[in-house]
file my_file-v6.csv (CSV, C-alpha atoms)
chain,number,residue,atom,x,y,z
T,1,TRP,CA,0.0,0.0,0.0
T,2,LYS,CA,1.1,3.5,-0.8
T,3,PHE,CA,0.4,6.2,1.8
T,4,VAL,CA,0.9,9.9,0.9
T,5,ALA,CA,1.1,12.1,4.0
T,6,SER,CA,0.0,15.3,2.1
T,7,SER,CA,-3.2,13.4,1.1
T,8,SER,CA,-3.9,12.1,4.7
T,9,GLN,CA,-4.1,8.5,3.4
T,10,PHE,CA,-4.5,5.6,5.8
T,11,LEU,CA,-6.3,2.2,6.4
T,12,SER,CA,-8.6,1.6,9.3
T,13,ALA,CA,-10.3,-1.4,10.9
T,14,PRO,CA,-13.0,-1.1,13.6
T,15,ASP,CA,-12.8,-2.3,17.1
T,16,HIS,CA,-12.6,-6.1,17.4
T,17,ALA,CA,-12.0,-8.4,20.4
T,18,ASN,CA,-8.8,-9.9,18.9
T,19,PHE,CA,-7.1,-6.5,18.7
T,20,SER,CA,-7.1,-6.5,22.5
T,21,LEU,CA,-3.9,-8.6,22.6
T,22,TRP,CA,-1.4,-6.2,24.2
T,23,ASP,CA,-1.2,-7.8,27.7
T,24,SER,CA,0.2,-11.1,26.4
T,25,ASP,CA,3.0,-11.8,23.9
T,26,TRP,CA,2.4,-10.2,20.5
T,27,THR,CA,4.1,-9.1,17.3
T,28,VAL,CA,3.4,-6.5,14.6
T,29,ASP,CA,5.8,-6.9,11.6
T,30,TYR,CA,5.8,-5.5,8.1
T,31,TRP,CA,8.0,-4.2,5.3
T,32,ILE,CA,8.3,-0.4,4.8
T,33,ASN,CA,9.8,1.8,2.0
T,34,HIS,CA,9.8,5.5,3.0
T,35,ILE,CA,8.9,8.1,0.3
T,36,THR,CA,10.1,10.8,2.7
T,37,ILE,CA,11.4,11.0,6.3
T,38,ASN,CA,10.9,14.6,7.1
T,39,GLY,CA,7.9,14.9,9.4
T,40,ALA,CA,7.3,14.6,13.1
T,41,ASP,CA,4.7,12.3,14.6
T,42,ARG,CA,4.3,10.2,11.5
T,43,GLY,CA,2.5,7.0,12.4
T,44,HIS,CA,3.5,3.6,11.1
T,45,TRP,CA,0.4,2.2,12.9
T,46,SER,CA,-1.7,2.7,15.9
T,47,TRP,CA,-4.5,1.2,18.0
T,48,TRP,CA,-6.4,4.3,19.1
T,49,ALA,CA,-9.4,4.9,21.4
T,50,ASP,CA,-8.4,8.5,22.3
T,51,ASN,CA,-5.1,10.3,23.1
T,52,SER,CA,-4.9,8.8,26.6
T,53,ASN,CA,-5.8,5.2,25.5
T,54,ARG,CA,-3.6,3.9,22.6
T,55,VAL,CA,-0.7,1.9,21.3
T,56,THR,CA,1.4,3.8,18.8
T,57,VAL,CA,4.5,3.5,16.6
T,58,ALA,CA,5.6,6.8,15.1
T,59,SER,CA,8.4,9.2,14.5
T,60,PRO,CA,9.1,11.4,17.5
T,61,GLY,CA,7.6,14.9,17.9
T,62,SER,CA,11.0,16.5,17.6
T,63,GLY,CA,14.7,15.5,17.3
T,64,GLU,CA,16.0,12.7,15.1
T,65,LEU,CA,13.1,11.8,12.7
T,66,THR,CA,14.6,8.5,11.8
T,67,ASP,CA,14.0,7.4,15.4
T,68,LEU,CA,10.7,5.7,16.4
T,69,ARG,CA,8.7,6.3,19.5
T,70,VAL,CA,6.9,3.2,20.6
T,71,SER,CA,4.3,3.5,23.4
T,72,GLY,CA,1.3,2.0,25.0
T,73,GLU,CA,-0.8,3.9,27.5
T,74,THR,CA,-4.2,4.1,29.1
T,75,SER,CA,-5.9,6.8,31.3
T,76,GLY,CA,-4.4,4.8,34.2
T,77,GLY,CA,-0.8,5.5,33.1
T,78,VAL,CA,2.0,4.8,30.6
T,79,ARG,CA,2.4,1.0,30.1
T,80,TRP,CA,5.6,1.3,28.0
T,81,SER,CA,7.4,4.1,26.2
T,82,TYR,CA,10.8,4.2,24.5
T,83,ASP,CA,12.6,5.5,21.5
T,84,ALA,CA,14.2,3.1,19.0
T,85,THR,CA,17.3,5.0,17.9
T,86,SER,CA,20.0,4.6,15.2
T,87,THR,CA,17.4,2.8,13.1
T,88,GLY,CA,19.1,3.4,9.8
T,89,LEU,CA,15.6,4.1,8.3
T,90,THR,CA,16.0,5.7,4.9
T,91,THR,CA,14.1,6.4,1.7
T,92,SER,CA,13.6,4.3,-1.5
T,93,THR,CA,14.7,1.1,0.3
T,94,TRP,CA,12.6,-1.8,1.6
T,95,GLN,CA,13.3,-2.4,5.3
T,96,HIS,CA,11.8,-4.9,7.7
T,97,MET,CA,10.1,-3.6,10.8
T,98,ALA,CA,9.0,-5.7,13.8
T,99,HIS,CA,7.6,-4.7,17.2
T,100,GLU,CA,6.9,-7.4,19.8
T,101,LEU,CA,6.1,-8.0,23.4
T,102,SER,CA,8.2,-10.9,24.7
T,103,GLY,CA,8.6,-11.9,28.3
T,104,GLY,CA,7.4,-8.5,29.6
T,105,THR,CA,9.6,-6.4,27.4
T,106,VAL,CA,8.5,-4.6,24.2
T,107,TYR,CA,11.2,-4.6,21.4
T,108,THR,CA,11.6,-2.8,18.1
T,109,TYR,CA,13.7,-4.4,15.3
T,110,VAL,CA,14.9,-2.9,12.0
T,111,ASP,CA,16.0,-5.6,9.5
T,112,GLY,CA,16.2,-8.1,12.4
T,113,VAL,CA,18.4,-5.9,14.7
T,114,ASP,CA,17.1,-4.7,18.1
T,115,LYS,CA,17.0,-0.9,18.0
T,116,GLY,CA,15.3,-0.2,21.3
T,117,ASN,CA,13.2,-1.8,24.0
T,118,GLY,CA,11.3,-1.0,27.1
T,119,ALA,CA,9.7,-2.9,30.0
T,120,LYS,CA,5.9,-3.2,30.1
T,121,SER,CA,4.2,-2.1,33.3
T,122,GLY,CA,0.5,-2.6,34.0
T,123,SER,CA,-2.4,-3.5,31.7
T,124,ILE,CA,-3.7,-2.0,28.5
T,125,GLY,CA,-6.9,-4.0,28.7
T,126,ASP,CA,-9.8,-4.1,26.3
T,127,LEU,CA,-10.3,-0.7,24.8
T,128,ALA,CA,-13.0,0.3,22.2
T,129,ALA,CA,-10.2,1.3,19.8
T,130,THR,CA,-9.7,1.6,16.0
T,131,PHE,CA,-6.7,0.1,14.3
T,132,PHE,CA,-4.9,2.5,11.9
T,133,ILE,CA,-2.2,1.7,9.4
T,134,GLY,CA,-0.4,4.8,8.1
T,135,LYS,CA,-1.6,7.1,10.8
T,136,ARG,CA,-0.7,7.9,14.5
T,137,LEU,CA,-3.8,9.4,16.1
T,138,GLY,CA,-7.5,10.1,15.5
T,139,VAL,CA,-6.5,13.2,13.6
T,140,GLY,CA,-3.1,13.8,12.0
T,141,GLY,CA,0.2,11.9,12.1
T,142,PHE,CA,0.1,10.5,8.5
T,143,LEU,CA,2.8,8.3,7.0
T,144,ASP,CA,4.7,9.0,3.7
T,145,ALA,CA,5.7,5.5,2.7
T,146,TYR,CA,4.8,2.1,1.1
T,147,ILE,CA,3.9,-0.8,3.3
T,148,ASP,CA,3.8,-4.5,2.4
T,149,GLU,CA,3.2,-7.8,4.2
T,150,PHE,CA,1.6,-6.2,7.3
T,151,ARG,CA,1.0,-8.8,10.0
T,152,ILE,CA,-0.3,-8.9,13.6
T,153,SER,CA,0.2,-12.0,15.7
T,154,ASN,CA,-0.8,-13.1,19.2
T,155,THR,CA,2.7,-14.5,19.9
T,156,ALA,CA,6.2,-13.2,20.2
T,157,ARG,CA,7.6,-14.4,16.8
T,158,TYR,CA,11.2,-13.3,17.5
T,159,GLY,CA,11.5,-14.0,21.2
T,160,GLY,CA,13.4,-10.9,22.2
T,161,SER,CA,16.5,-11.6,20.0
T,162,GLY,CA,17.9,-10.6,16.6
T,163,PHE,CA,16.8,-12.5,13.5
T,164,THR,CA,17.0,-12.7,9.7
T,165,PRO,CA,13.8,-11.4,8.1
T,166,GLU,CA,11.9,-13.8,5.9
T,167,THR,CA,12.5,-13.7,2.1
T,168,THR,CA,9.1,-14.8,1.1
T,169,PRO,CA,5.5,-13.5,1.8
T,170,TYR,CA,4.1,-14.4,5.2
T,171,ALA,CA,1.5,-17.2,5.4
T,172,VAL,CA,-1.5,-17.4,7.8
T,173,ASP,CA,-0.9,-19.7,10.8
T,174,ALA,CA,-2.7,-20.3,14.1
T,175,ASN,CA,-1.2,-17.1,15.6
T,176,THR,CA,-2.1,-14.7,12.8
T,177,ILE,CA,-4.6,-12.1,13.7
T,178,VAL,CA,-4.1,-9.8,10.6
T,179,LEU,CA,-2.2,-10.4,7.4
T,180,ILE,CA,-2.3,-7.9,4.6
T,181,HIS,CA,-0.4,-8.9,1.5
T,182,CYS,CA,-1.3,-5.6,-0.1
T,183,GLY,CA,-2.8,-7.3,-3.1
T,184,GLU,CA,-6.3,-8.1,-1.6
T,185,THR,CA,-9.3,-7.3,-3.7
T,186,VAL,CA,-10.9,-3.9,-2.9
T,187,ASP,CA,-14.6,-3.6,-3.3
T,188,GLY,CA,-16.4,-0.3,-2.6
T,189,GLY,CA,-13.5,1.2,-0.7
T,190,THR,CA,-13.0,-1.8,1.6
T,191,PHE,CA,-11.2,-5.2,1.7
T,192,THR,CA,-10.9,-8.2,3.9
T,193,ASP,CA,-7.4,-9.1,4.9
T,194,THR,CA,-5.9,-12.5,4.1
T,195,ALA,CA,-6.4,-13.8,7.7
T,196,GLY,CA,-10.1,-13.3,6.9
T,197,THR,CA,-11.4,-11.6,10.1
T,198,HIS,CA,-11.1,-7.9,9.6
T,199,GLU,CA,-12.5,-5.5,7.1
T,200,TRP,CA,-10.3,-2.5,6.3
T,201,THR,CA,-11.4,0.8,4.9
T,202,LEU,CA,-9.4,3.0,2.5
T,203,ASN,CA,-9.4,6.5,3.8
T,204,ASN,CA,-8.6,9.3,1.3
T,205,THR,CA,-7.7,6.6,-1.3
T,206,PRO,CA,-4.4,5.0,-0.5
T,207,THR,CA,-3.3,2.9,-3.5
T,208,GLN,CA,-2.1,-0.6,-4.2
T,209,ASP,CA,1.0,0.4,-6.1
T,210,THR,CA,1.8,-2.4,-8.6
T,211,GLY,CA,5.2,-0.9,-9.4
T,212,THR,CA,6.6,-0.7,-5.9
T,213,TYR,CA,6.2,-3.7,-3.6
T,214,LYS,CA,8.4,-6.1,-1.6
T,215,PHE,CA,6.8,-9.4,-2.8

call {"tool": "encode", "arguments": {"input": "my_file-v6.csv", "output": "structure tokens"}}
result
Amino acid sequence: WKFVASSSQFLSAPDHANFSLWDSDWTVDYWINHITINGADRGHWSWWADNSNRVTVASPGSGELTDLRVSGETSGGVRWSYDATSTGLTTSTWQHMAHELSGGTVYTYVDGVDKGNGAKSGSIGDLAATFFIGKRLGVGGFLDAYIDEFRISNTARYGGSGFTPETTPYAVDANTIVLIHCGETVDGGTFTDTAGTHEWTLNNTPTQDTGTYKF
């Protein structure tokens, strides 16, 4: 999928019980190819109820914009928050991203290398939240990039250690909650992801770019 920040493009899926997975091991992984990296608060993805109840991965509000701020919080407090630094994120290059909770610690990997982590404290719980891809908050924070092979899993696929990213498309298995190959059939501005559970809405017409993709 191609997301253009100036056009406020993103994907969204409504609240669903299996999005409330943040208090046990989980993984969100995908391939990203940045068009530009020159904006603060640009969201890779988020699970957002309101500004006090959310899980987000985005560039920071200031400072080094190739860093990533990874956080989970509720109105009861911050559950984790850290910056992944020295990420090596760049433009016009496919790079593998993975974020996971494993054994009580949240990790961020770029191309299989741990770039930052933080301990989880307290519960996120079951929020009435929308899942966004290409957006940080309810308003604003749009991404300027291509994303391919976006997957959410209810297990820690990498176990808190470095790894070599896969060289083929992901396949659905027993732990797959969401899998978007970015070639799914769109009908009336929506599509169902390959895992078969969630319907995603195209907001402001992000495109399936047939000339720029990982697999």

call {"tool": "atom_distance", "arguments": {"input": "my_file-v6.csv", "atom1": "CA of Val4 in chain T", "atom2": "CA of Ile35 in chain T"}}
result
8.2 Å

call {"tool": "closest_residue", "arguments": {"input": "my_file-v6.csv", "among": "T:Ser123, T:Ser24, T:Ser6, T:Ser102", "to": "Ala145 in chain T", "atoms": "all atoms listed in the file"}}
result
T:Ser6

call {"tool": "closest_atom_pairs", "arguments": {"input": "my_file-v6.csv", "of": "range 120-181 of chain T", "to": "range 70-79 of chain T", "cutoff": "12 Å", "atoms": "all atoms listed in the file", "output": "Markdown table"}}
result
| residue | atom | partner | partner_atom | distance |
| --- | --- | --- | --- | --- |
| T:Lys120 | CA | T:Arg79 | CA | 5.5 |
| T:Ser121 | CA | T:Arg79 | CA | 4.8 |
| T:Gly122 | CA | T:Arg79 | CA | 5.6 |
| T:Ser123 | CA | T:Arg79 | CA | 6.8 |
| T:Ile124 | CA | T:Thr74 | CA | 6.1 |
| T:Gly125 | CA | T:Thr74 | CA | 8.5 |
| T:Asp126 | CA | T:Thr74 | CA | 10.3 |
| T:Leu127 | CA | T:Thr74 | CA | 8.9 |
| T:Ala128 | CA | T:Thr74 | CA | 11.8 |
| T:Ala129 | CA | T:Thr74 | CA | 11.4 |
| T:Arg136 | CA | T:Val70 | CA | 10.8 |

call {"tool": "atom_distance", "arguments": {"input": "my_file-v6.csv", "atom1": "CA of Asn175 in chain T", "atom2": "CA of Phe191 in chain T"}}
result
20.9 Å

call {"tool": "atom_distance", "arguments": {"input": "my_file-v6.csv", "atom1": "CA of Arg69 in chain T", "atom2": "CA of Thr207 in chain T"}}
result
26.2 Å

call {"tool": "closest_residue", "arguments": {"input": "my_file-v6.csv", "among": "T:Thr91, T:Thr56, T:Ser7, T:Thr192", "to": "Phe132 in chain T", "atoms": "all atoms listed in the file"}}
result
T:Thr56

call {"tool": "residues_near_point", "arguments": {"input": "my_file-v6.csv", "point": "(9.9, -9.2, -5.0)", "cutoff": "9 Å", "atoms": "all atoms listed in the file", "output": "CSV table (one decimal) with C-alpha atoms, in the coordinates of the input"}}
result
chain,number,residue,atom,x,y,z
T,167,THR,CA,12.5,-13.7,2.1
T,168,THR,CA,9.1,-14.8,1.1
T,213,TYR,CA,6.2,-3.7,-3.6
T,214,LYS,CA,8.4,-6.1,-1.6
T,215,PHE,CA,6.8,-9.4,-2.8

call {"tool": "closest_residue", "arguments": {"input": "my_file-v6.csv", "among": "T:Thr212, T:Asn154, T:Asn33, T:Thr87", "to": "Ser20 in chain T", "atoms": "all atoms listed in the file"}}
result
T:Asn154

call {"tool": "residues_around", "arguments": {"input": "my_file-v6.csv", "residues": "Trp48 in chain T", "least_positions_apart": "4", "cutoff": "7 Å", "atoms": "all atoms listed in the file", "output": "list in words"}}
result
Asn53, Arg54, Val55, Ala129, Thr130, Phe131, Leu137 and Gly138 of chain T
